[in-house]
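Peer 1: First the structure, which I've put down as structure tokens, then a few questions once you've had a look.
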Amino acid sequence: MRGLLLLSMAFGLSCSGYHPARFAERPPVVEARDDQPVAAPRWRWVSEPVYLSKVYLHRPLRETLDLDPYPDADDVNSFDDVVRSTWFAPQKMDLGTIARGPDTSGPPRPPFTVVPDGPMAFASGGFTISDARGQKYEIMVDTADRPEMRTAAAAVGARLVWGLGYNTPPVFIAKVSADDFWRSEGSSTDVPAILKSGPPPVNGLYRVAALSWPAGVLVGRTSESGVAGDDPNDLIVHENRRAFRAITVFASWIQLHGLGPEKTLDRYVGAPGEGHVVHYLVGLDDALGAGYVVRVTDLPPGEGGGSSLGRFLTLGLAPNPAPPPTQIAIPSLGQLEPDVDPGAFRPPMPWEPAFRLLPPDGYWAAKRIAAISSSQIALAIDTGQLTDRRARRAMQVALERRRTEVLAYWFGRVVPLEPVALTGNRLLLRDEAVANAVAPSNFTDYRIEFLTGRGGSAAEPILMHPKGGTIELDLPAGAVDAAHDYLVVQIAARRGNRALPRTFELHLKFVANKLVVLGIRH
């Protein structure tokens, strides 16, 4: 019965007139090279009314008139991986790397000069300083009733997101006194009042989060769609970047609130005319449930809360019950539940890259999350310097549980196979869901088809039910013959009683008398 189900599933695919894409005979692109010297772009800013009209009026109208499905991501290479760019710059992660973090000048050194630059990086606001070395930082304090919560979220979130491969300024936990600050001409920031608004000092020192900015000029927020016309390096529309779409998956893992332009910043790095724009993720003090905290004194949605869309449609008049308050047993921990529904996770305000998130994008993001080990999560939590051991433990447990649920969801939206080895005509593939223990072994059936470059059959299909998470396959003679021109190995799968919704494709060809992988599609 199982074989008949797989046969019928694959029969529909083979009879659909499918013509596989053809990959070029060259190695996959790994560098976008979008860091070429350009002139500094103009300041970018969109007012809130303009942004709201765009997301609630212009985009829905455009999407209604455009009947084409969302396109595949454009910033991926032939191996279905996001290339290194000014948007995504992964590091080789090991325990030492995640413990050290990015190369920076370290935490701020007093005395601090408060400068008039407006805060841009923290969701809860702050102020900007220049330390004794001239290094700029943005400073933020916790709210009085939740000591350590937002400062820890900012530091831990920054380390985790940087570990995932994004440009994220490092955040340091620092202990300061009001006497460490003095105001420069033009600054009106009342630092003593800001420090006193948070938790009381310990041994005369206040706890703050200090975000370290690299050298460069602030350009503004990153547009959620289109390209920056005055940046010749910006050639891929933002909503069609996998690196941008996948932020939604990462946000569901770390419970990041409020995705949108306010979580992004662009900086022009380098001398005028010789630099380029680098795209950063910020506002991570809203991570780890800190942005979802509900206090007893918070107004119900009909009196100032609720979603922006709900307030817009009802003119703020519809009464709504107040949400239940957040846990207060561990004040330094936000509303970070151990469980998450990755398929239902959406930012509070519409954000176009989130709408365009496709299964291959989510699968790629899940692989990035899977690469962050439990030990690395613990090291990232250490950067938050939480004094409450209960908060550290609860954060670790929640992130590990949420990681498992995110992986299980997105590894189930595709056939999650990856090539491990190609030796002669023998192919070894690994099932990422089984390898990461989010799907049982000996529970999956695979139907393997061999297609020519024009979509015709090159050999008889093969049904396999391996006992573990790997597939060892000797290519049939007909498939080997077809590979002298072009061969596509297309694999459909059924896990238990559920057919996985997308097929996996491996594109092969003989190059210089050697069978090589030209491309992968999920």
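Here, A, B, ... name the chains of the structure tokens in the order displayed, residue numbers run from 1 inside each chain, and ligands are numbered from 1 in the same displayed order.
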Could you name the residues that touch A:Pro71 at 12 Å or less, counting only C-alpha atoms, but leaving out those on the same chain fewer than 2 positions away, as a VMD selection string?
Peer 2: chain A and resid 66 to 69 73 to 75 237 239 to 242 245 353 355 to 361
Peer 1: Counting only C-alpha atoms, which residue out of A:Asp35, A:Ala380, A:Ile369, A:Ala477 sits closest to A:Arg159?
Peer 2: A:Ala380
Peer 1: Using DSSP secondary structure from the backbone, list all strand (DSSP E or B) positions within stretch 69-288 of chain A, as a PyMOL selection string.
Peer 2: chain A and resi 76+82+84+88+112-115+127-130+136-140+166+171-176+181-183+202+205-212+217-220+264-269+276-281
Peer 1: Convert the current residue selection to file output with N, CA and C atoms, as a short mmCIF file (atom, residue, chain, number, x, y, z; two decimals), in the first residue's frame.
Peer 2:
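As a result, again10.cif now contains:
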data_model
loop_
_atom_site.label_atom_id
_atom_site.label_comp_id
_atom_site.auth_asym_id
_atom_site.auth_seq_id
_atom_site.Cartn_x
_atom_site.Cartn_y
_atom_site.Cartn_z
N VAL A 76 20.55 33.04 -3.66
CA VAL A 76 21.05 31.70 -3.38
C VAL A 76 21.86 31.20 -4.57
N VAL A 82 22.57 30.45 0.70
CA VAL A 82 22.70 31.90 0.59
C VAL A 82 24.18 32.26 0.49
N ARG A 84 27.58 34.62 0.63
CA ARG A 84 28.10 35.64 1.54
C ARG A 84 27.94 37.02 0.90
N PHE A 88 24.56 38.93 4.69
CA PHE A 88 24.74 37.67 5.39
C PHE A 88 26.22 37.31 5.33
N PHE A 112 32.74 58.77 29.61
CA PHE A 112 31.87 58.73 28.45
C PHE A 112 31.36 60.12 28.11
N THR A 113 31.38 60.44 26.84
CA THR A 113 30.84 61.70 26.36
C THR A 113 29.49 61.43 25.71
N VAL A 114 28.45 62.03 26.24
CA VAL A 114 27.11 61.86 25.67
C VAL A 114 27.00 62.76 24.45
N VAL A 115 26.74 62.17 23.31
CA VAL A 115 26.70 62.92 22.05
C VAL A 115 25.25 63.07 21.60
N PHE A 127 20.47 56.16 24.55
CA PHE A 127 21.23 57.36 24.18
C PHE A 127 22.60 56.92 23.70
N THR A 128 23.29 57.84 23.04
CA THR A 128 24.56 57.52 22.39
C THR A 128 25.71 58.20 23.11
N ILE A 129 26.82 57.46 23.23
CA ILE A 129 28.02 58.01 23.86
C ILE A 129 29.23 57.75 22.98
N SER A 130 30.28 58.45 23.30
CA SER A 130 31.61 58.18 22.77
C SER A 130 32.50 57.90 23.97
N LYS A 136 32.00 54.71 19.49
CA LYS A 136 30.61 55.03 19.75
C LYS A 136 29.83 53.80 20.21
N TYR A 137 28.95 54.04 21.20
CA TYR A 137 28.06 53.01 21.73
C TYR A 137 26.67 53.60 21.92
N GLU A 138 25.68 52.74 21.83
CA GLU A 138 24.33 53.11 22.27
C GLU A 138 24.09 52.43 23.61
N ILE A 139 23.55 53.20 24.54
CA ILE A 139 23.37 52.74 25.92
C ILE A 139 21.89 52.60 26.22
N MET A 140 21.53 51.52 26.92
CA MET A 140 20.14 51.27 27.27
C MET A 140 20.08 50.68 28.67
N TYR A 166 24.39 36.75 10.67
CA TYR A 166 23.97 38.10 10.31
C TYR A 166 24.91 39.16 10.89
N VAL A 171 26.73 43.48 21.78
CA VAL A 171 26.20 44.21 22.92
C VAL A 171 26.91 43.72 24.17
N PHE A 172 27.40 44.66 24.97
CA PHE A 172 28.14 44.33 26.20
C PHE A 172 27.33 44.76 27.41
N ILE A 173 27.38 43.97 28.46
CA ILE A 173 26.81 44.38 29.74
C ILE A 173 27.89 45.13 30.50
N ALA A 174 27.58 46.35 30.92
CA ALA A 174 28.57 47.18 31.61
C ALA A 174 27.96 47.71 32.91
N LYS A 175 28.83 48.01 33.87
CA LYS A 175 28.43 48.61 35.14
C LYS A 175 29.00 50.02 35.18
N VAL A 176 28.13 51.03 35.34
CA VAL A 176 28.55 52.42 35.22
C VAL A 176 27.98 53.22 36.39
N PHE A 181 29.67 59.95 33.04
CA PHE A 181 29.13 60.61 31.86
C PHE A 181 29.25 62.13 31.97
N TRP A 182 29.55 62.75 30.84
CA TRP A 182 29.41 64.19 30.74
C TRP A 182 28.86 64.52 29.36
N ARG A 183 28.07 65.61 29.31
CA ARG A 183 27.37 65.94 28.06
C ARG A 183 28.21 66.84 27.19
N VAL A 202 23.72 48.73 42.19
CA VAL A 202 24.31 47.75 43.10
C VAL A 202 25.74 48.19 43.38
N LEU A 205 26.76 51.16 41.29
CA LEU A 205 26.90 51.04 39.84
C LEU A 205 25.60 50.56 39.22
N TYR A 206 25.27 51.16 38.08
CA TYR A 206 24.08 50.79 37.33
C TYR A 206 24.45 49.81 36.22
N ARG A 207 23.55 48.86 35.98
CA ARG A 207 23.74 47.91 34.89
C ARG A 207 23.15 48.50 33.61
N VAL A 208 23.93 48.49 32.52
CA VAL A 208 23.47 48.99 31.22
C VAL A 208 23.89 48.00 30.13
N ALA A 209 23.23 48.10 29.00
CA ALA A 209 23.65 47.40 27.79
C ALA A 209 24.28 48.42 26.86
N ALA A 210 25.44 48.08 26.33
CA ALA A 210 26.18 48.99 25.45
C ALA A 210 26.38 48.32 24.10
N LEU A 211 25.75 48.85 23.09
CA LEU A 211 25.88 48.32 21.73
C LEU A 211 27.00 49.06 21.02
N SER A 212 27.97 48.30 20.51
CA SER A 212 29.16 48.87 19.89
C SER A 212 28.97 49.03 18.39
N VAL A 217 29.16 55.58 8.69
CA VAL A 217 28.13 56.62 8.72
C VAL A 217 26.76 55.94 8.65
N LEU A 218 25.89 56.33 9.54
CA LEU A 218 24.54 55.77 9.55
C LEU A 218 23.78 56.26 8.32
N VAL A 219 23.18 55.31 7.60
CA VAL A 219 22.42 55.64 6.39
C VAL A 219 20.92 55.64 6.66
N GLY A 220 20.46 54.80 7.58
CA GLY A 220 19.04 54.74 7.90
C GLY A 220 18.54 53.31 7.91
N THR A 264 16.20 46.99 11.51
CA THR A 264 17.29 47.04 10.54
C THR A 264 17.96 48.40 10.54
N LEU A 265 19.23 48.41 10.22
CA LEU A 265 19.98 49.65 10.04
C LEU A 265 21.04 49.43 8.97
N ASP A 266 21.25 50.43 8.15
CA ASP A 266 22.31 50.41 7.15
C ASP A 266 23.39 51.41 7.54
N ARG A 267 24.64 50.96 7.38
CA ARG A 267 25.77 51.86 7.64
C ARG A 267 26.70 51.84 6.44
N TYR A 268 27.21 53.02 6.12
CA TYR A 268 28.21 53.16 5.07
C TYR A 268 29.58 53.03 5.73
N VAL A 269 30.29 51.96 5.39
CA VAL A 269 31.55 51.64 6.04
C VAL A 269 32.69 51.92 5.06
N HIS A 276 31.22 51.08 1.31
CA HIS A 276 30.02 50.39 0.82
C HIS A 276 29.04 50.28 1.98
N VAL A 277 27.81 49.91 1.67
CA VAL A 277 26.76 49.80 2.67
C VAL A 277 26.74 48.39 3.25
N VAL A 278 26.65 48.30 4.57
CA VAL A 278 26.50 47.03 5.28
C VAL A 278 25.15 47.06 6.00
N HIS A 279 24.43 45.94 5.94
CA HIS A 279 23.08 45.85 6.48
C HIS A 279 23.12 45.11 7.82
N TYR A 280 22.54 45.73 8.85
CA TYR A 280 22.59 45.20 10.21
C TYR A 280 21.19 44.88 10.73
N LEU A 281 21.15 43.90 11.65
CA LEU A 281 19.95 43.63 12.43
C LEU A 281 20.14 44.19 13.83
#
Peer 1: Excluding A:Pro116 and residues on its chain fewer than 4 positions from it, collect all residues at most 8 Å away from it, counting only C-alpha atoms, and give them as a list in words.
Peer 2: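 Near A:Pro116, the qualifying residues are Thr128, Ser184, Gly186, Ser187, Ser188 and Thr189 of chain A.
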Peer 1: Suppose we keep N, CA, C and O atoms; can you now write the selection as a JSON list (two decimals), in the first residue's frame?
Peer 2:
[["chain", "number", "residue", "atom", "x", "y", "z"],
["A", 128, "THR", "N", 23.29, 57.84, 23.04],
["A", 128, "THR", "CA", 24.56, 57.52, 22.39],
["A", 128, "THR", "C", 25.71, 58.20, 23.11],
["A", 128, "THR", "O", 25.60, 59.35, 23.54],
["A", 184, "SER", "N", 28.22, 66.50, 25.91],
["A", 184, "SER", "CA", 28.89, 67.35, 24.94],
["A", 184, "SER", "C", 27.95, 68.48, 24.54],
["A", 184, "SER", "O", 26.75, 68.46, 24.83],
["A", 186, "GLY", "N", 25.41, 70.43, 22.60],
["A", 186, "GLY", "CA", 24.34, 70.00, 21.72],
["A", 186, "GLY", "C", 23.54, 68.84, 22.26],
["A", 186, "GLY", "O", 22.49, 68.51, 21.71],
["A", 187, "SER", "N", 24.02, 68.20, 23.30],
["A", 187, "SER", "CA", 23.29, 67.07, 23.88],
["A", 187, "SER", "C", 22.46, 67.54, 25.06],
["A", 187, "SER", "O", 22.93, 68.30, 25.91],
["A", 188, "SER", "N", 21.21, 67.09, 25.09],
["A", 188, "SER", "CA", 20.32, 67.46, 26.20],
["A", 188, "SER", "C", 19.90, 66.24, 27.01],
["A", 188, "SER", "O", 18.97, 66.31, 27.82],
["A", 189, "THR", "N", 20.58, 65.10, 26.81],
["A", 189, "THR", "CA", 20.21, 63.87, 27.49],
["A", 189, "THR", "C", 20.48, 63.97, 28.99],
["A", 189, "THR", "O", 21.59, 64.33, 29.41]]
Peer 1: Choose the residue, out of A:Tyr363, A:Tyr18, A:Phe122, A:Trp87, that has the smallest atom-to-atom separation from A:Thr151; count only C-alpha atoms.
Peer 2: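 Closest residue, counting only C-alpha atoms: A:Phe122.
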Peer 1: Separation of atom CA of A:Ile330 and atom CA of A:Phe345, in Å?
Peer 2: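 Here the two named atoms are 24.5 Å from each other.
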Peer 1: Which neighbours of A:Gln36 fall inside 9 Å, counting only C-alpha atoms, when residues of the same chain fewer than 5 positions from it are skipped, and could you give them as a ChimeraX atom specification?
Peer 2: /A:232-233,274-276
Peer 1: Determine the nearest neighbour of A:Leu399 from the options A:Glu352, A:Glu337, A:Asp285, A:Asp117, counting only C-alpha atoms.
Peer 2: A:Glu337
Peer 1: Compile the contact shell of A:Gln135 as a VMD selection string: residues with an atom at most 9 Å away, counting only C-alpha atoms, same-chain residues fewer than 6 positions apart removed.
Peer 2: chain A and resid 105 108 to 109 129 212 to 215
